[in-house]
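Asker: Compact mmCIF, N, CA and C atoms and all ligand atoms, file structure-v1.txt:
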```txt
# COMPACT_ATOMS: atom_id res chain seq x y z
N MET A 1 114.75 132.59 79.53
CA MET A 1 114.14 132.13 80.79
C MET A 1 112.81 131.44 80.53
N LYS A 2 112.02 132.08 79.67
CA LYS A 2 110.72 131.48 79.30
C LYS A 2 110.92 130.11 78.68
N LEU A 3 111.93 130.05 77.79
CA LEU A 3 112.21 128.80 77.08
C LEU A 3 112.59 127.71 78.07
N LEU A 4 113.40 128.10 79.06
CA LEU A 4 113.84 127.14 80.07
C LEU A 4 112.64 126.55 80.82
N LYS A 5 111.72 127.43 81.17
CA LYS A 5 110.52 126.99 81.87
C LYS A 5 109.73 126.00 81.02
N LEU A 6 109.64 126.34 79.74
CA LEU A 6 108.90 125.51 78.80
C LEU A 6 109.53 124.12 78.72
N ILE A 7 110.86 124.13 78.61
CA ILE A 7 111.58 122.85 78.53
C ILE A 7 111.34 122.04 79.80
N PHE A 8 111.40 122.72 80.93
CA PHE A 8 111.21 122.05 82.21
C PHE A 8 109.82 121.38 82.27
N ILE A 9 108.81 122.13 81.88
CA ILE A 9 107.44 121.60 81.89
C ILE A 9 107.30 120.42 80.94
N LEU A 10 107.96 120.54 79.80
CA LEU A 10 107.92 119.47 78.80
C LEU A 10 108.53 118.18 79.36
N ILE A 11 109.66 118.33 80.03
CA ILE A 11 110.33 117.16 80.60
C ILE A 11 109.45 116.51 81.67
N LEU A 12 108.82 117.34 82.48
CA LEU A 12 107.93 116.83 83.52
C LEU A 12 106.80 116.02 82.89
N PHE A 13 106.28 116.54 81.82
CA PHE A 13 105.19 115.91 81.10
C PHE A 13 105.59 114.54 80.57
N ILE A 14 106.75 114.49 79.94
CA ILE A 14 107.24 113.23 79.38
C ILE A 14 107.46 112.21 80.50
N ASP A 15 108.01 112.68 81.61
CA ASP A 15 108.24 111.82 82.76
C ASP A 15 106.95 111.18 83.25
N LEU A 16 105.92 112.02 83.39
CA LEU A 16 104.63 111.53 83.87
C LEU A 16 104.06 110.50 82.90
N LYS A 17 104.22 110.76 81.62
CA LYS A 17 103.71 109.86 80.59
C LYS A 17 104.43 108.51 80.69
N VAL A 18 105.73 108.53 80.84
CA VAL A 18 106.50 107.29 80.96
C VAL A 18 106.04 106.52 82.19
N TYR A 19 105.83 107.25 83.30
CA TYR A 19 105.38 106.61 84.53
C TYR A 19 104.01 105.96 84.32
N ALA A 20 103.08 106.68 83.68
CA ALA A 20 101.73 106.16 83.45
C ALA A 20 101.79 104.93 82.55
N ASP A 21 102.62 104.97 81.52
CA ASP A 21 102.74 103.82 80.62
C ASP A 21 103.26 102.60 81.36
N LYS A 22 104.27 102.81 82.20
CA LYS A 22 104.86 101.71 82.96
C LYS A 22 103.79 101.08 83.87
N ASN A 23 103.00 101.96 84.50
CA ASN A 23 101.95 101.49 85.40
C ASN A 23 100.88 100.70 84.63
N ASP A 24 100.50 101.21 83.46
CA ASP A 24 99.53 100.50 82.61
C ASP A 24 100.04 99.12 82.25
N GLN A 25 101.32 99.08 81.90
CA GLN A 25 101.93 97.80 81.51
C GLN A 25 101.86 96.79 82.65
N LEU A 26 102.20 97.28 83.88
CA LEU A 26 102.16 96.39 85.05
C LEU A 26 100.75 95.87 85.28
N LEU A 27 99.76 96.76 85.15
CA LEU A 27 98.37 96.35 85.37
C LEU A 27 97.92 95.33 84.34
N THR A 28 98.30 95.54 83.07
CA THR A 28 97.94 94.59 82.02
C THR A 28 98.57 93.24 82.29
N GLN A 29 99.85 93.28 82.68
CA GLN A 29 100.56 92.03 82.99
C GLN A 29 99.91 91.38 84.22
N GLY A 30 99.58 92.19 85.22
CA GLY A 30 98.98 91.67 86.45
C GLY A 30 97.64 91.00 86.17
N LYS A 31 96.86 91.61 85.31
CA LYS A 31 95.55 91.05 84.97
C LYS A 31 95.71 89.68 84.29
N ALA A 32 96.63 89.60 83.33
CA ALA A 32 96.85 88.34 82.62
C ALA A 32 97.29 87.25 83.60
N LEU A 33 98.20 87.61 84.51
CA LEU A 33 98.70 86.62 85.48
C LEU A 33 97.61 86.21 86.46
N TYR A 34 96.82 87.19 86.89
CA TYR A 34 95.72 86.89 87.81
C TYR A 34 94.74 85.92 87.16
N ASN A 35 94.41 86.19 85.88
CA ASN A 35 93.46 85.32 85.18
C ASN A 35 94.03 83.92 84.96
N GLN A 36 95.34 83.83 84.92
CA GLN A 36 95.98 82.54 84.72
C GLN A 36 96.10 81.76 86.03
N HIS A 37 96.46 82.45 87.11
CA HIS A 37 96.82 81.75 88.35
C HIS A 37 95.80 81.86 89.48
N CYS A 38 94.98 82.87 89.50
CA CYS A 38 94.22 83.16 90.71
C CYS A 38 92.71 83.15 90.52
N VAL A 39 92.26 83.44 89.28
CA VAL A 39 90.83 83.71 89.07
C VAL A 39 89.97 82.49 89.40
N MET A 40 90.50 81.27 89.20
CA MET A 40 89.68 80.07 89.45
C MET A 40 89.28 79.97 90.92
N CYS A 41 90.07 80.50 91.79
CA CYS A 41 89.68 80.48 93.20
C CYS A 41 89.07 81.82 93.63
N HIS A 42 89.75 82.91 93.31
CA HIS A 42 89.33 84.20 93.87
C HIS A 42 88.26 84.92 93.05
N GLY A 43 88.00 84.47 91.83
CA GLY A 43 86.96 85.11 91.03
C GLY A 43 87.42 86.39 90.37
N ALA A 44 86.73 86.79 89.31
CA ALA A 44 87.16 87.93 88.50
C ALA A 44 87.21 89.23 89.29
N SER A 45 86.30 89.39 90.25
CA SER A 45 86.29 90.65 91.00
C SER A 45 86.96 90.50 92.36
N GLY A 46 87.52 89.30 92.64
CA GLY A 46 88.18 89.09 93.92
C GLY A 46 87.22 88.73 95.04
N ALA A 47 85.99 88.36 94.67
CA ALA A 47 84.97 88.06 95.68
C ALA A 47 85.09 86.64 96.24
N GLY A 48 86.04 85.84 95.70
CA GLY A 48 86.21 84.47 96.20
C GLY A 48 85.25 83.50 95.53
N ASP A 49 84.69 83.89 94.38
CA ASP A 49 83.65 83.08 93.75
C ASP A 49 84.07 82.45 92.42
N GLY A 50 85.37 82.17 92.27
CA GLY A 50 85.80 81.46 91.07
C GLY A 50 85.25 80.04 91.07
N PRO A 51 85.32 79.34 89.94
CA PRO A 51 84.75 77.98 89.85
C PRO A 51 85.33 77.02 90.89
N VAL A 52 86.60 77.13 91.21
CA VAL A 52 87.17 76.28 92.25
C VAL A 52 86.80 76.84 93.62
N GLY A 53 86.95 78.13 93.77
CA GLY A 53 86.68 78.79 95.05
C GLY A 53 85.28 78.51 95.56
N SER A 54 84.29 78.54 94.67
CA SER A 54 82.92 78.37 95.15
C SER A 54 82.60 76.92 95.49
N ASN A 55 83.52 76.00 95.14
CA ASN A 55 83.28 74.59 95.48
C ASN A 55 84.09 74.12 96.69
N LEU A 56 84.81 75.02 97.31
CA LEU A 56 85.56 74.63 98.52
C LEU A 56 84.58 74.53 99.69
N SER A 57 84.89 73.62 100.63
CA SER A 57 83.98 73.47 101.78
C SER A 57 83.96 74.76 102.61
N LYS A 58 85.14 75.39 102.73
CA LYS A 58 85.13 76.68 103.43
C LYS A 58 85.32 77.79 102.41
N LYS A 59 84.33 78.66 102.28
CA LYS A 59 84.33 79.71 101.27
C LYS A 59 85.53 80.66 101.42
N ILE A 60 86.01 81.15 100.30
CA ILE A 60 87.08 82.16 100.31
C ILE A 60 86.43 83.54 100.44
N PRO A 61 86.82 84.28 101.46
CA PRO A 61 86.22 85.62 101.61
C PRO A 61 86.76 86.58 100.54
N PRO A 62 86.03 87.66 100.27
CA PRO A 62 86.55 88.68 99.35
C PRO A 62 87.88 89.23 99.88
N PHE A 63 88.73 89.70 98.98
CA PHE A 63 90.02 90.27 99.40
C PHE A 63 89.81 91.38 100.41
N LYS A 64 90.61 91.34 101.48
CA LYS A 64 90.67 92.49 102.39
C LYS A 64 91.59 93.52 101.75
N LYS A 65 91.65 94.68 102.37
CA LYS A 65 92.52 95.74 101.85
C LYS A 65 93.94 95.50 102.35
N TYR A 66 94.85 95.24 101.42
CA TYR A 66 96.25 95.05 101.76
C TYR A 66 97.11 95.98 100.91
N SER A 67 98.30 96.26 101.40
CA SER A 67 99.26 96.98 100.57
C SER A 67 99.84 95.99 99.55
N ASP A 68 100.47 96.52 98.50
CA ASP A 68 101.12 95.66 97.51
C ASP A 68 102.11 94.71 98.20
N LYS A 69 102.87 95.27 99.15
CA LYS A 69 103.89 94.50 99.86
C LYS A 69 103.26 93.33 100.63
N GLN A 70 102.14 93.60 101.30
CA GLN A 70 101.46 92.54 102.07
C GLN A 70 100.97 91.43 101.15
N ILE A 71 100.45 91.81 99.98
CA ILE A 71 99.98 90.79 99.03
C ILE A 71 101.15 89.94 98.57
N ILE A 72 102.27 90.57 98.29
CA ILE A 72 103.46 89.83 97.85
C ILE A 72 103.90 88.86 98.95
N ASP A 73 103.84 89.30 100.21
CA ASP A 73 104.19 88.41 101.33
C ASP A 73 103.25 87.20 101.37
N ILE A 74 101.96 87.45 101.18
CA ILE A 74 100.98 86.36 101.18
C ILE A 74 101.30 85.39 100.04
N LEU A 75 101.65 85.94 98.87
CA LEU A 75 101.97 85.09 97.73
C LEU A 75 103.20 84.23 98.01
N ASN A 76 104.11 84.75 98.78
CA ASN A 76 105.32 83.98 99.09
C ASN A 76 105.05 82.91 100.15
N GLY A 77 103.96 83.08 100.90
CA GLY A 77 103.70 82.15 102.00
C GLY A 77 102.59 81.14 101.75
N GLY A 78 101.69 81.41 100.81
CA GLY A 78 100.53 80.54 100.62
C GLY A 78 99.52 80.76 101.73
N LYS A 79 98.39 80.03 101.66
CA LYS A 79 97.30 80.26 102.61
C LYS A 79 96.53 78.99 102.90
N ARG A 80 96.29 78.70 104.16
CA ARG A 80 95.34 77.69 104.62
C ARG A 80 95.43 76.35 103.88
N ASP A 81 96.62 75.87 103.58
CA ASP A 81 96.79 74.57 102.90
C ASP A 81 96.18 74.51 101.50
N VAL A 82 95.27 75.42 101.18
CA VAL A 82 94.58 75.35 99.89
C VAL A 82 95.35 76.13 98.83
N MET A 83 95.73 77.35 99.19
CA MET A 83 96.39 78.21 98.20
C MET A 83 97.88 77.90 98.17
N PRO A 84 98.39 77.57 96.99
CA PRO A 84 99.82 77.27 96.90
C PRO A 84 100.66 78.52 97.18
N ASP A 85 101.92 78.35 97.50
CA ASP A 85 102.78 79.54 97.58
C ASP A 85 103.43 79.75 96.22
N TYR A 86 103.66 81.01 95.92
CA TYR A 86 104.18 81.38 94.60
C TYR A 86 105.61 81.91 94.71
N ARG A 87 106.30 81.45 95.75
CA ARG A 87 107.66 81.93 96.00
C ARG A 87 108.54 81.78 94.77
N THR A 88 108.50 80.60 94.17
CA THR A 88 109.40 80.37 93.03
C THR A 88 108.66 80.30 91.70
N THR A 89 107.33 80.10 91.74
CA THR A 89 106.62 79.96 90.46
C THR A 89 106.35 81.31 89.80
N LEU A 90 106.38 82.40 90.57
CA LEU A 90 106.22 83.73 89.98
C LEU A 90 107.46 84.56 90.31
N THR A 91 107.88 85.39 89.38
CA THR A 91 109.03 86.26 89.64
C THR A 91 108.57 87.43 90.51
N ALA A 92 109.54 88.14 91.09
CA ALA A 92 109.22 89.30 91.93
C ALA A 92 108.40 90.32 91.14
N GLU A 93 108.76 90.50 89.88
CA GLU A 93 108.03 91.48 89.07
C GLU A 93 106.60 91.02 88.80
N GLN A 94 106.43 89.73 88.57
CA GLN A 94 105.08 89.20 88.33
C GLN A 94 104.22 89.37 89.57
N LYS A 95 104.83 89.13 90.75
CA LYS A 95 104.06 89.27 91.99
C LYS A 95 103.67 90.73 92.23
N GLU A 96 104.59 91.63 91.89
CA GLU A 96 104.29 93.06 92.04
C GLU A 96 103.13 93.44 91.11
N ALA A 97 103.18 92.91 89.88
CA ALA A 97 102.13 93.22 88.90
C ALA A 97 100.77 92.72 89.39
N ILE A 98 100.75 91.50 89.94
CA ILE A 98 99.49 90.94 90.43
C ILE A 98 98.97 91.77 91.61
N ALA A 99 99.87 92.16 92.52
CA ALA A 99 99.46 92.95 93.68
C ALA A 99 98.85 94.27 93.21
N LYS A 100 99.48 94.92 92.26
CA LYS A 100 98.95 96.18 91.74
C LYS A 100 97.58 95.96 91.10
N TYR A 101 97.47 94.86 90.39
CA TYR A 101 96.18 94.58 89.72
C TYR A 101 95.08 94.35 90.76
N ILE A 102 95.38 93.54 91.78
CA ILE A 102 94.37 93.29 92.83
C ILE A 102 93.94 94.61 93.47
N ASN A 103 94.90 95.48 93.72
CA ASN A 103 94.56 96.75 94.36
C ASN A 103 93.84 97.71 93.41
N SER A 104 93.74 97.34 92.14
CA SER A 104 92.99 98.18 91.21
C SER A 104 91.57 97.64 90.99
N LEU A 105 91.29 96.46 91.56
CA LEU A 105 89.96 95.86 91.35
C LEU A 105 88.88 96.65 92.08
C1 LIG B 1 93.40 76.80 94.99
C2 LIG B 1 92.73 78.04 95.27
C3 LIG B 1 93.54 79.32 95.34
C4 LIG B 1 94.37 79.84 94.37
C5 LIG B 1 94.73 79.24 93.03
C6 LIG B 1 94.83 81.12 94.87
N1 LIG B 1 94.30 81.35 96.12
FE1 LIG B 1 94.57 83.01 97.24
N2 LIG B 1 93.56 82.14 98.79
C7 LIG B 1 92.93 80.92 98.74
C8 LIG B 1 92.41 80.59 100.06
C9 LIG B 1 91.64 79.33 100.45
C10 LIG B 1 92.75 81.69 100.89
C11 LIG B 1 92.47 81.82 102.39
C12 LIG B 1 91.19 82.54 102.64
C13 LIG B 1 90.95 82.64 104.11
O1 LIG B 1 91.75 83.26 104.79
O2 LIG B 1 89.98 82.06 104.56
C14 LIG B 1 93.46 82.64 100.05
C15 LIG B 1 93.91 83.86 100.50
C16 LIG B 1 94.48 84.83 99.69
C17 LIG B 1 94.79 86.18 100.10
C18 LIG B 1 94.51 86.76 101.47
C19 LIG B 1 93.05 87.12 101.49
C20 LIG B 1 92.63 87.87 102.72
O3 LIG B 1 91.90 88.85 102.54
O4 LIG B 1 93.05 87.48 103.83
C21 LIG B 1 95.32 86.83 99.02
C22 LIG B 1 95.79 88.27 98.95
C23 LIG B 1 95.37 85.86 97.95
N3 LIG B 1 94.84 84.68 98.37
C24 LIG B 1 95.85 86.14 96.68
C25 LIG B 1 95.97 85.17 95.69
C26 LIG B 1 96.61 85.43 94.41
C27 LIG B 1 97.17 86.76 93.96
C28 LIG B 1 96.59 84.25 93.73
C29 LIG B 1 97.20 83.96 92.37
C30 LIG B 1 98.62 84.21 92.21
C31 LIG B 1 95.91 83.28 94.56
N4 LIG B 1 95.55 83.87 95.73
C32 LIG B 1 95.65 81.97 94.18
C33 LIG B 1 92.81 80.10 97.63
C34 LIG B 1 93.52 80.27 96.43
```
Please lay out the structure from this file as structure tokens.
Ligand code: HEC
Answerer:
Amino acid sequence: MKLLKLIFILILFIDLKVYADKNDQLLTQGKALYNQHCVMCHGASGAGDGPVGSNLSKKIPPFKKYSDKQIIDILNGGKRDVMPDYRTTLTAEQKEAIAKYINSL
């Protein structure tokens, strides 16, 4: 019985580790994609102060609080004629990674 408990705890531990690794991977991927596609407008911290963003006539406000799903919807739709839509240029997984990264900023 003791052994069974031990095995159970061990499996739980491994599961959590796998989950954490997967999450780390998504964040790393999200950061790379953000730096490639978004940072020039939205800035490194999401304050809207990237080199392109700070030269727009109408300033980009800092990110509001959105769920991952809402960010993905925004990415599929684009914004204010300035921000392109990423419906086909980013895969669903890439968009999820970026959303997770933004929510970790
Ligand atoms: C060419 C500049 C540009 C690029 C590149 C760009 N955006 Fe934007 N983004 C904007 C503008 C402009 C808005 C509209 C801000 C407003 O509502 O006034 C916006 C709005 C947003 C919003 C909604 C902000 C809010 O709080 O309402 C999100 C989320 C967002 N962008 C994410 C991204 C992500 C993620 C990327 C990269 C995949 C990206 N943007 C690339 C210019 C850009």
Asker: At most 7 Å is the cut-off: for each residue in chain A with any atom that close to an atom of ligand LIG 1 (chain B), write down the nearest atom pair and the distance in Å rounded to one decimal, counting all atoms listed in the file, chain first then increasing number, as JSON lines.
Answerer:
```
{"residue": "A:Leu33", "atom": "C", "partner": "B:LIG1", "partner_atom": "C30", "distance": 6.2}
{"residue": "A:Tyr34", "atom": "CA", "partner": "B:LIG1", "partner_atom": "C29", "distance": 5.6}
{"residue": "A:Gln36", "atom": "C", "partner": "B:LIG1", "partner_atom": "C29", "distance": 6.8}
{"residue": "A:His37", "atom": "C", "partner": "B:LIG1", "partner_atom": "C29", "distance": 3.8}
{"residue": "A:Cys38", "atom": "CA", "partner": "B:LIG1", "partner_atom": "C29", "distance": 3.5}
{"residue": "A:Val39", "atom": "N", "partner": "B:LIG1", "partner_atom": "C29", "distance": 5.8}
{"residue": "A:Met40", "atom": "C", "partner": "B:LIG1", "partner_atom": "C2", "distance": 5.9}
{"residue": "A:Cys41", "atom": "CA", "partner": "B:LIG1", "partner_atom": "C2", "distance": 4.4}
{"residue": "A:His42", "atom": "N", "partner": "B:LIG1", "partner_atom": "C34", "distance": 5.6}
{"residue": "A:Val52", "atom": "C", "partner": "B:LIG1", "partner_atom": "C2", "distance": 6.3}
{"residue": "A:Gly53", "atom": "N", "partner": "B:LIG1", "partner_atom": "C2", "distance": 6.0}
{"residue": "A:Lys58", "atom": "C", "partner": "B:LIG1", "partner_atom": "O2", "distance": 6.7}
{"residue": "A:Lys59", "atom": "C", "partner": "B:LIG1", "partner_atom": "O2", "distance": 5.6}
{"residue": "A:Ile60", "atom": "CA", "partner": "B:LIG1", "partner_atom": "C12", "distance": 4.7}
{"residue": "A:Pro61", "atom": "N", "partner": "B:LIG1", "partner_atom": "C12", "distance": 4.8}
{"residue": "A:Pro62", "atom": "C", "partner": "B:LIG1", "partner_atom": "O3", "distance": 4.8}
{"residue": "A:Phe63", "atom": "C", "partner": "B:LIG1", "partner_atom": "O3", "distance": 3.9}
{"residue": "A:Lys64", "atom": "N", "partner": "B:LIG1", "partner_atom": "O3", "distance": 3.0}
{"residue": "A:Lys65", "atom": "N", "partner": "B:LIG1", "partner_atom": "O3", "distance": 5.8}
{"residue": "A:Gln70", "atom": "C", "partner": "B:LIG1", "partner_atom": "C22", "distance": 6.5}
{"residue": "A:Ile71", "atom": "CA", "partner": "B:LIG1", "partner_atom": "C22", "distance": 4.9}
{"residue": "A:Ile72", "atom": "N", "partner": "B:LIG1", "partner_atom": "C22", "distance": 6.9}
{"residue": "A:Ile74", "atom": "CA", "partner": "B:LIG1", "partner_atom": "C22", "distance": 6.0}
{"residue": "A:Leu75", "atom": "N", "partner": "B:LIG1", "partner_atom": "C24", "distance": 6.2}
{"residue": "A:Gly78", "atom": "C", "partner": "B:LIG1", "partner_atom": "C15", "distance": 6.5}
{"residue": "A:Lys79", "atom": "C", "partner": "B:LIG1", "partner_atom": "C11", "distance": 5.0}
{"residue": "A:Arg80", "atom": "N", "partner": "B:LIG1", "partner_atom": "C11", "distance": 5.2}
{"residue": "A:Asp81", "atom": "C", "partner": "B:LIG1", "partner_atom": "C9", "distance": 6.7}
{"residue": "A:Val82", "atom": "C", "partner": "B:LIG1", "partner_atom": "C1", "distance": 4.4}
{"residue": "A:Met83", "atom": "CA", "partner": "B:LIG1", "partner_atom": "C34", "distance": 4.0}
{"residue": "A:Pro84", "atom": "N", "partner": "B:LIG1", "partner_atom": "C4", "distance": 5.3}
{"residue": "A:Tyr86", "atom": "CA", "partner": "B:LIG1", "partner_atom": "C30", "distance": 6.7}
{"residue": "A:Ile98", "atom": "C", "partner": "B:LIG1", "partner_atom": "C27", "distance": 5.8}
{"residue": "A:Ala99", "atom": "N", "partner": "B:LIG1", "partner_atom": "C27", "distance": 6.2}
```
Asker: Kindly give the distance, in Å, that separates atom C of Lys100 (chain A) and atom C of Gln25 (chain A), rounded to a single decimal.
Answerer: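 Those two atoms sit 9.5 Å apart.
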Asker: To test the calculation: enclose all listed atoms of region 66-77 of chain A in a box whose edges run along x, y and z, add 4 Å on each side, then state centre and edge lengths in Å to one decimal, as lines of an AutoDock Vina configuration file.
Answerer:
```
center_x = 100.1
center_y = 89.1
center_z = 99.8
size_x = 18.5
size_y = 23.8
size_z = 12.6
```
Asker: Tell me, in Å to one decimal, how far atom N of Tyr101 (chain A) is from atom N of Asp24 (chain A).
Answerer: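 One can read the atom N of Tyr101 (chain A) to atom N of Asp24 (chain A) distance as 9.9 Å.
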Asker: Report, in Å with one decimal, the straight-line distance from atom C of Tyr19 (chain A) to atom C of Ser67 (chain A).
Answerer: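 Result for atom C of Tyr19 (chain A) versus atom C of Ser67 (chain A): 18.7 Å, one decimal.
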Asker: I need the residues in chain A that are alpha helix (DSSP H) according to DSSP; give them as a PyMOL selection string.
Answerer: chain A and resi 2-37+39-42+68-77+92-102
Asker: For a quick check of understanding, using only N, CA and C atoms, which of A:Ala97, A:Leu105, A:Met1, A:Ala32 has the smallest distance to Gly46 (chain A)?
Answerer: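 The answer is A:Leu105, which sits nearest to Gly46 (chain A).
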